[in-house]
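Listing of model-v8.tsv; format and content: TSV, C-alpha atoms.
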```tsv
chain	number	residue	atom	x	y	z
E	1	MET	CA	52.18	233.52	82.67
E	2	LYS	CA	50.76	230.22	83.87
E	3	LYS	CA	52.08	226.86	82.67
E	4	VAL	CA	50.76	223.40	83.56
E	5	LEU	CA	53.11	220.43	83.67
E	6	ASN	CA	51.17	217.16	83.33
E	7	VAL	CA	52.81	214.12	84.89
E	8	PHE	CA	50.45	211.48	83.55
E	9	GLY	CA	52.86	208.72	82.47
E	10	ASP	CA	55.80	206.89	83.99
E	11	ILE	CA	58.76	208.88	85.25
E	12	CYS	CA	61.72	207.58	83.23
E	13	SER	CA	65.25	208.56	82.27
E	14	GLU	CA	64.30	207.84	78.65
E	15	LYS	CA	61.01	207.23	76.89
E	16	TRP	CA	59.66	203.69	76.52
E	17	CYS	CA	56.05	204.71	75.95
E	18	ASN	CA	54.68	207.96	74.55
E	19	GLU	CA	53.19	209.09	77.86
E	20	ASP	CA	56.44	208.68	79.81
E	21	VAL	CA	57.87	211.83	81.44
E	22	THR	CA	61.64	212.38	81.37
E	23	PRO	CA	63.98	214.89	83.07
E	24	SER	CA	65.05	216.27	79.68
E	25	GLU	CA	61.42	217.01	78.75
E	26	VAL	CA	60.77	218.72	82.06
E	27	SER	CA	63.99	220.72	81.74
E	28	ALA	CA	62.86	222.04	78.35
E	29	PHE	CA	59.37	222.77	79.70
E	30	LEU	CA	60.73	224.91	82.56
E	31	VAL	CA	63.03	227.06	80.43
E	32	GLY	CA	62.24	230.75	80.65
E	33	LEU	CA	59.99	230.68	83.72
E	34	THR	CA	60.48	233.61	86.08
E	35	ALA	CA	59.36	234.59	89.58
E	36	SER	CA	56.28	236.27	88.07
E	37	ASP	CA	55.12	233.02	86.43
E	38	GLU	CA	52.87	230.32	87.87
E	39	LEU	CA	53.73	226.63	87.50
E	40	GLU	CA	51.08	223.99	88.17
E	41	ILE	CA	52.16	220.35	88.34
E	42	ASP	CA	49.20	217.99	87.84
E	43	ILE	CA	50.00	214.42	88.91
E	44	ASN	CA	48.27	211.20	87.88
E	45	CYS	CA	51.21	208.83	87.95
E	46	PHE	CA	52.02	205.38	89.28
E	47	GLY	CA	55.75	206.18	89.64
E	48	GLY	CA	58.86	205.13	87.77
E	49	GLU	CA	62.60	205.56	88.20
E	50	VAL	CA	63.82	206.98	91.49
E	51	PHE	CA	66.67	209.11	90.19
E	52	ALA	CA	64.65	210.46	87.27
E	53	ALA	CA	62.03	211.57	89.82
E	54	VAL	CA	64.74	213.11	92.01
E	55	ALA	CA	66.12	215.02	89.00
E	56	ILE	CA	62.68	216.31	88.02
E	57	ALA	CA	61.93	217.34	91.61
E	58	SER	CA	65.25	219.20	91.80
E	59	MET	CA	64.53	221.10	88.58
E	60	ILE	CA	61.02	222.02	89.74
E	61	GLU	CA	62.36	223.20	93.09
E	62	LYS	CA	65.06	225.25	91.37
E	63	SER	CA	62.54	227.01	89.12
E	64	PRO	CA	61.77	230.54	90.36
E	65	ALA	CA	58.09	230.24	89.35
E	66	LYS	CA	55.33	230.02	91.96
E	67	LYS	CA	54.52	226.30	92.24
E	68	THR	CA	51.31	224.42	92.89
E	69	PHE	CA	51.14	220.61	93.03
E	70	ASN	CA	47.81	218.91	92.31
E	71	VAL	CA	47.28	215.17	92.84
E	72	ILE	CA	44.30	214.65	90.55
E	73	GLY	CA	44.34	210.86	90.29
E	74	VAL	CA	46.97	208.57	91.75
E	75	CYS	CA	50.39	209.57	93.04
E	76	ALA	CA	52.37	206.44	93.82
E	77	SER	CA	55.92	205.22	94.29
E	78	ALA	CA	58.53	207.57	92.74
E	79	ALA	CA	55.83	210.13	91.87
E	80	THR	CA	55.61	210.99	95.58
E	81	MET	CA	59.18	212.32	95.32
E	82	LEU	CA	58.18	215.17	93.00
E	83	PHE	CA	57.29	217.47	95.90
E	84	ASN	CA	59.30	218.08	99.04
E	85	ALA	CA	58.31	218.27	102.67
E	86	THR	CA	57.51	221.99	102.57
E	87	ASP	CA	55.62	222.20	99.26
E	88	LYS	CA	51.91	222.96	99.23
E	89	VAL	CA	50.05	220.06	97.62
E	90	ASN	CA	46.38	219.93	96.63
E	91	ILE	CA	44.51	216.64	96.19
E	92	SER	CA	41.23	215.80	94.45
E	93	LYS	CA	38.50	214.00	96.34
E	94	GLY	CA	38.86	210.30	95.53
E	95	ALA	CA	42.54	210.55	94.57
E	96	MET	CA	45.09	208.39	96.38
E	97	LEU	CA	48.76	208.24	97.27
E	98	MET	CA	50.94	205.19	97.78
E	99	TYR	CA	54.34	204.95	99.44
E	100	HIS	CA	56.39	201.74	99.46
E	101	LYS	CA	59.91	200.50	99.93
E	102	PRO	CA	62.05	201.05	96.80
E	103	LEU	CA	62.14	198.18	94.32
E	104	VAL	CA	64.77	196.87	91.91
E	105	ARG	CA	65.07	194.06	89.37
E	106	MET	CA	68.61	192.72	89.12
E	107	GLN	CA	70.88	189.73	88.73
E	108	GLY	CA	74.34	189.09	90.11
E	109	ASN	CA	76.30	187.39	92.84
E	110	ALA	CA	75.96	187.74	96.62
E	111	ASN	CA	78.22	190.80	96.73
E	112	ASP	CA	76.11	192.52	94.06
E	113	PHE	CA	72.96	191.91	96.07
E	114	ARG	CA	74.53	193.20	99.30
E	115	LYS	CA	75.55	196.42	97.53
E	116	GLN	CA	72.05	196.78	96.09
E	117	ILE	CA	70.48	196.32	99.53
E	118	GLU	CA	72.70	199.09	100.90
E	119	LEU	CA	71.71	201.40	98.04
E	120	LEU	CA	67.99	200.63	98.47
E	121	ASP	CA	68.25	201.40	102.19
E	122	LYS	CA	69.88	204.76	101.41
E	123	ILE	CA	67.19	205.62	98.85
E	124	GLU	CA	64.47	204.70	101.34
E	125	SER	CA	66.00	206.80	104.11
E	126	GLU	CA	66.84	209.87	102.00
E	127	ASN	CA	63.95	210.05	99.53
E	128	ILE	CA	61.01	208.43	101.32
E	129	ILE	CA	61.36	208.31	105.10
E	130	SER	CA	62.97	211.72	105.71
E	131	PRO	CA	60.37	213.74	103.73
E	132	LEU	CA	57.53	211.77	105.35
E	133	ILE	CA	58.86	212.40	108.86
E	134	ALA	CA	59.06	216.12	108.04
E	135	ARG	CA	55.49	216.14	106.69
E	136	THR	CA	53.76	213.87	109.21
E	137	LYS	CA	55.87	214.45	112.36
E	138	LYS	CA	55.52	210.70	112.93
E	139	PRO	CA	58.47	208.74	114.44
E	140	ILE	CA	60.81	206.90	112.09
E	141	ASN	CA	59.73	203.43	113.25
E	142	GLU	CA	56.07	204.20	112.50
E	143	ILE	CA	56.87	205.56	109.04
E	144	SER	CA	59.10	202.55	108.31
E	145	ASP	CA	56.30	200.16	109.24
E	146	LEU	CA	53.75	202.03	107.12
E	147	ILE	CA	55.80	202.01	103.92
E	148	ALA	CA	56.99	198.42	104.46
E	149	ASN	CA	53.39	197.29	103.93
E	150	GLU	CA	52.54	199.82	101.15
E	151	TRP	CA	50.97	202.89	102.66
E	152	TRP	CA	47.84	203.88	100.73
E	153	LEU	CA	46.20	207.19	101.64
E	154	ASN	CA	42.91	208.45	100.30
E	155	SER	CA	42.33	212.18	99.89
E	156	ASP	CA	41.00	212.71	103.42
E	157	GLU	CA	43.93	210.78	104.90
E	158	ALA	CA	46.38	212.84	102.82
E	159	VAL	CA	44.83	216.02	104.25
E	160	GLN	CA	45.01	214.65	107.78
E	161	ASN	CA	48.45	213.00	107.66
E	162	LEU	CA	50.38	214.95	105.02
E	163	GLY	CA	48.91	218.43	105.30
E	164	PHE	CA	47.47	218.43	101.77
E	165	THR	CA	44.60	220.71	100.77
E	166	LEU	CA	41.46	219.13	99.37
E	167	LEU	CA	40.40	220.20	95.87
E	168	GLY	CA	36.73	220.34	95.04
E	169	THR	CA	37.10	218.37	91.80
E	170	ALA	CA	36.53	214.72	90.99
E	171	ALA	CA	39.59	212.51	90.71
E	172	ILE	CA	40.59	210.69	87.55
E	173	GLU	CA	41.10	207.46	89.51
E	174	ASN	CA	38.13	206.92	91.85
E	175	SER	CA	38.87	204.58	94.72
E	176	VAL	CA	35.15	203.97	95.27
E	177	ALA	CA	34.80	202.35	91.86
E	178	THR	CA	37.81	200.06	92.03
E	179	LYS	CA	40.60	199.11	94.43
E	180	GLN	CA	43.75	201.11	93.84
E	181	GLU	CA	45.89	198.12	94.76
E	182	ASN	CA	44.51	196.21	91.77
E	183	ILE	CA	44.98	199.23	89.50
E	184	TYR	CA	48.63	199.40	90.51
E	185	LYS	CA	49.22	195.67	89.90
E	186	ASN	CA	47.48	195.81	86.52
E	187	TYR	CA	49.57	198.85	85.64
E	188	ILE	CA	52.80	196.97	86.47
E	189	GLU	CA	51.79	194.15	84.13
E	190	LYS	CA	50.94	196.63	81.38
E	191	LYS	CA	54.27	198.39	81.85
E	192	LYS	CA	56.17	195.10	81.63
E	193	ALA	CA	54.43	194.34	78.34
E	194	CYS	CA	55.23	197.81	77.03
E	195	SER	CA	58.89	197.51	78.02
E	196	ALA	CA	59.16	194.03	76.53
E	197	SER	CA	57.67	195.27	73.26
E	198	ASN	CA	60.13	198.15	73.06
E	199	ALA	CA	63.04	195.90	73.94
E	200	PHE	CA	62.02	193.47	71.20
E	201	THR	CA	61.72	196.30	68.68
E	202	SER	CA	65.18	197.58	69.62
E	203	PHE	CA	66.60	194.08	69.21
E	204	ILE	CA	65.05	193.70	65.76
E	205	ASN	CA	66.39	197.11	64.68
E	206	ILE	CA	69.89	196.22	65.83
E	207	LYS	CA	69.68	192.84	64.16
E	208	ASN	CA	68.54	194.38	60.88
E	209	SER	CA	71.34	196.96	61.00
E	210	LEU	CA	73.92	194.15	61.13
E	211	LYS	CA	72.70	192.51	57.94
```
Could you express the structure from this file as structure tokens?
Amino acid sequence: MKKVLNVFGDICSEKWCNEDVTPSEVSAFLVGLTASDELEIDINCFGGEVFAAVAIASMIEKSPAKKTFNVIGVCASAATMLFNATDKVNISKGAMLMYHKPLVRMQGNANDFRKQIELLDKIESENIISPLIARTKKPINEISDLIANEWWLNSDEAVQNLGFTLLGTAAIENSVATKQENIYKNYIEKKKACSASNAFTSFINIKNSLK
């Protein structure tokens, strides 16, 4: 049996928008797969929550099914954590990847920020730098410099640097038509609006329940 897991929305611990992908959804999707099954993971995703991505990657890796990863549009930020250093990954012509230093929005005192910096450094080392060193064979200082400035790779660069295999299909996001950097920034603004809307709705529901 062949099953296709589409990762086309944000990777989140819980849903904020309908297209979001959560670990619980993926867990349910993978139930019952055996070593005789084929699992294709199609990715067109700008990223999301680090630990939700780590959980999904762990569940996919644990599945006994034969796995194929296909980057068919954009694979950015936490979405790049879905496959490990030894997985075979296909990429569509015109698709792109983006690696960057982990981000966080927070408030607190100086001690809180110091702790957060330490955590971000650990996430960067464990979940971004180590897999990239294994894939690219590049030295740690070169990888660190690349992701510090947002490392965008087109399909040919992903084949050359990451060992991906080029698919013969058109990508959903075509870098020739528009700059991926602008797509990513527009996406962030859209996501903020979506999150704000959901937060406002939750507030109104709580307020109404107290009447």
Task: All residues 10 Å or closer to region 95-102 of chain E, all atoms listed in the file, same chain fewer than 4 positions away omitted, as a PyMOL selection string - done: chain E and resi 44-47+49-50+71-81+91+119-125+127-129+132+143-158+166-167+169-176+180-181+184
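Between CA of Ile60 (chain E) and CA of Asp10 (chain E) the separation is 17.0 Å.
Here CA of Lys62 (chain E) and CA of Glu38 (chain E) stand 13.7 Å from one another.
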Open item on the list: As an exercise, work out the distance from CA of Thr22 (chain E) to CA of Ile56 (chain E) in Å and give it to one decimal place.
Closed with: 7.8 Å
Can you pull out every residue within 12 Å of Met59 (chain E), counting all atoms listed in the file, but drop anything in the same chain fewer than 2 positions away, and send it as a tab-separated table (two decimals) with C-alpha atoms, keeping the file's coordinate frame?
```
chain	number	residue	atom	x	y	z
E	22	THR	CA	61.64	212.38	81.37
E	23	PRO	CA	63.98	214.89	83.07
E	24	SER	CA	65.05	216.27	79.68
E	25	GLU	CA	61.42	217.01	78.75
E	26	VAL	CA	60.77	218.72	82.06
E	27	SER	CA	63.99	220.72	81.74
E	28	ALA	CA	62.86	222.04	78.35
E	29	PHE	CA	59.37	222.77	79.70
E	30	LEU	CA	60.73	224.91	82.56
E	31	VAL	CA	63.03	227.06	80.43
E	33	LEU	CA	59.99	230.68	83.72
E	52	ALA	CA	64.65	210.46	87.27
E	53	ALA	CA	62.03	211.57	89.82
E	54	VAL	CA	64.74	213.11	92.01
E	55	ALA	CA	66.12	215.02	89.00
E	56	ILE	CA	62.68	216.31	88.02
E	57	ALA	CA	61.93	217.34	91.61
E	61	GLU	CA	62.36	223.20	93.09
E	62	LYS	CA	65.06	225.25	91.37
E	63	SER	CA	62.54	227.01	89.12
E	64	PRO	CA	61.77	230.54	90.36
E	65	ALA	CA	58.09	230.24	89.35
E	67	LYS	CA	54.52	226.30	92.24
E	82	LEU	CA	58.18	215.17	93.00
E	83	PHE	CA	57.29	217.47	95.90
```
- [ ] Pick out the closest residue to Asp87 (chain E) from this set: E:Phe8, E:Phe113, E:Trp16, E:Phe69. Count all atoms listed in the file.
- [x] E:Phe69
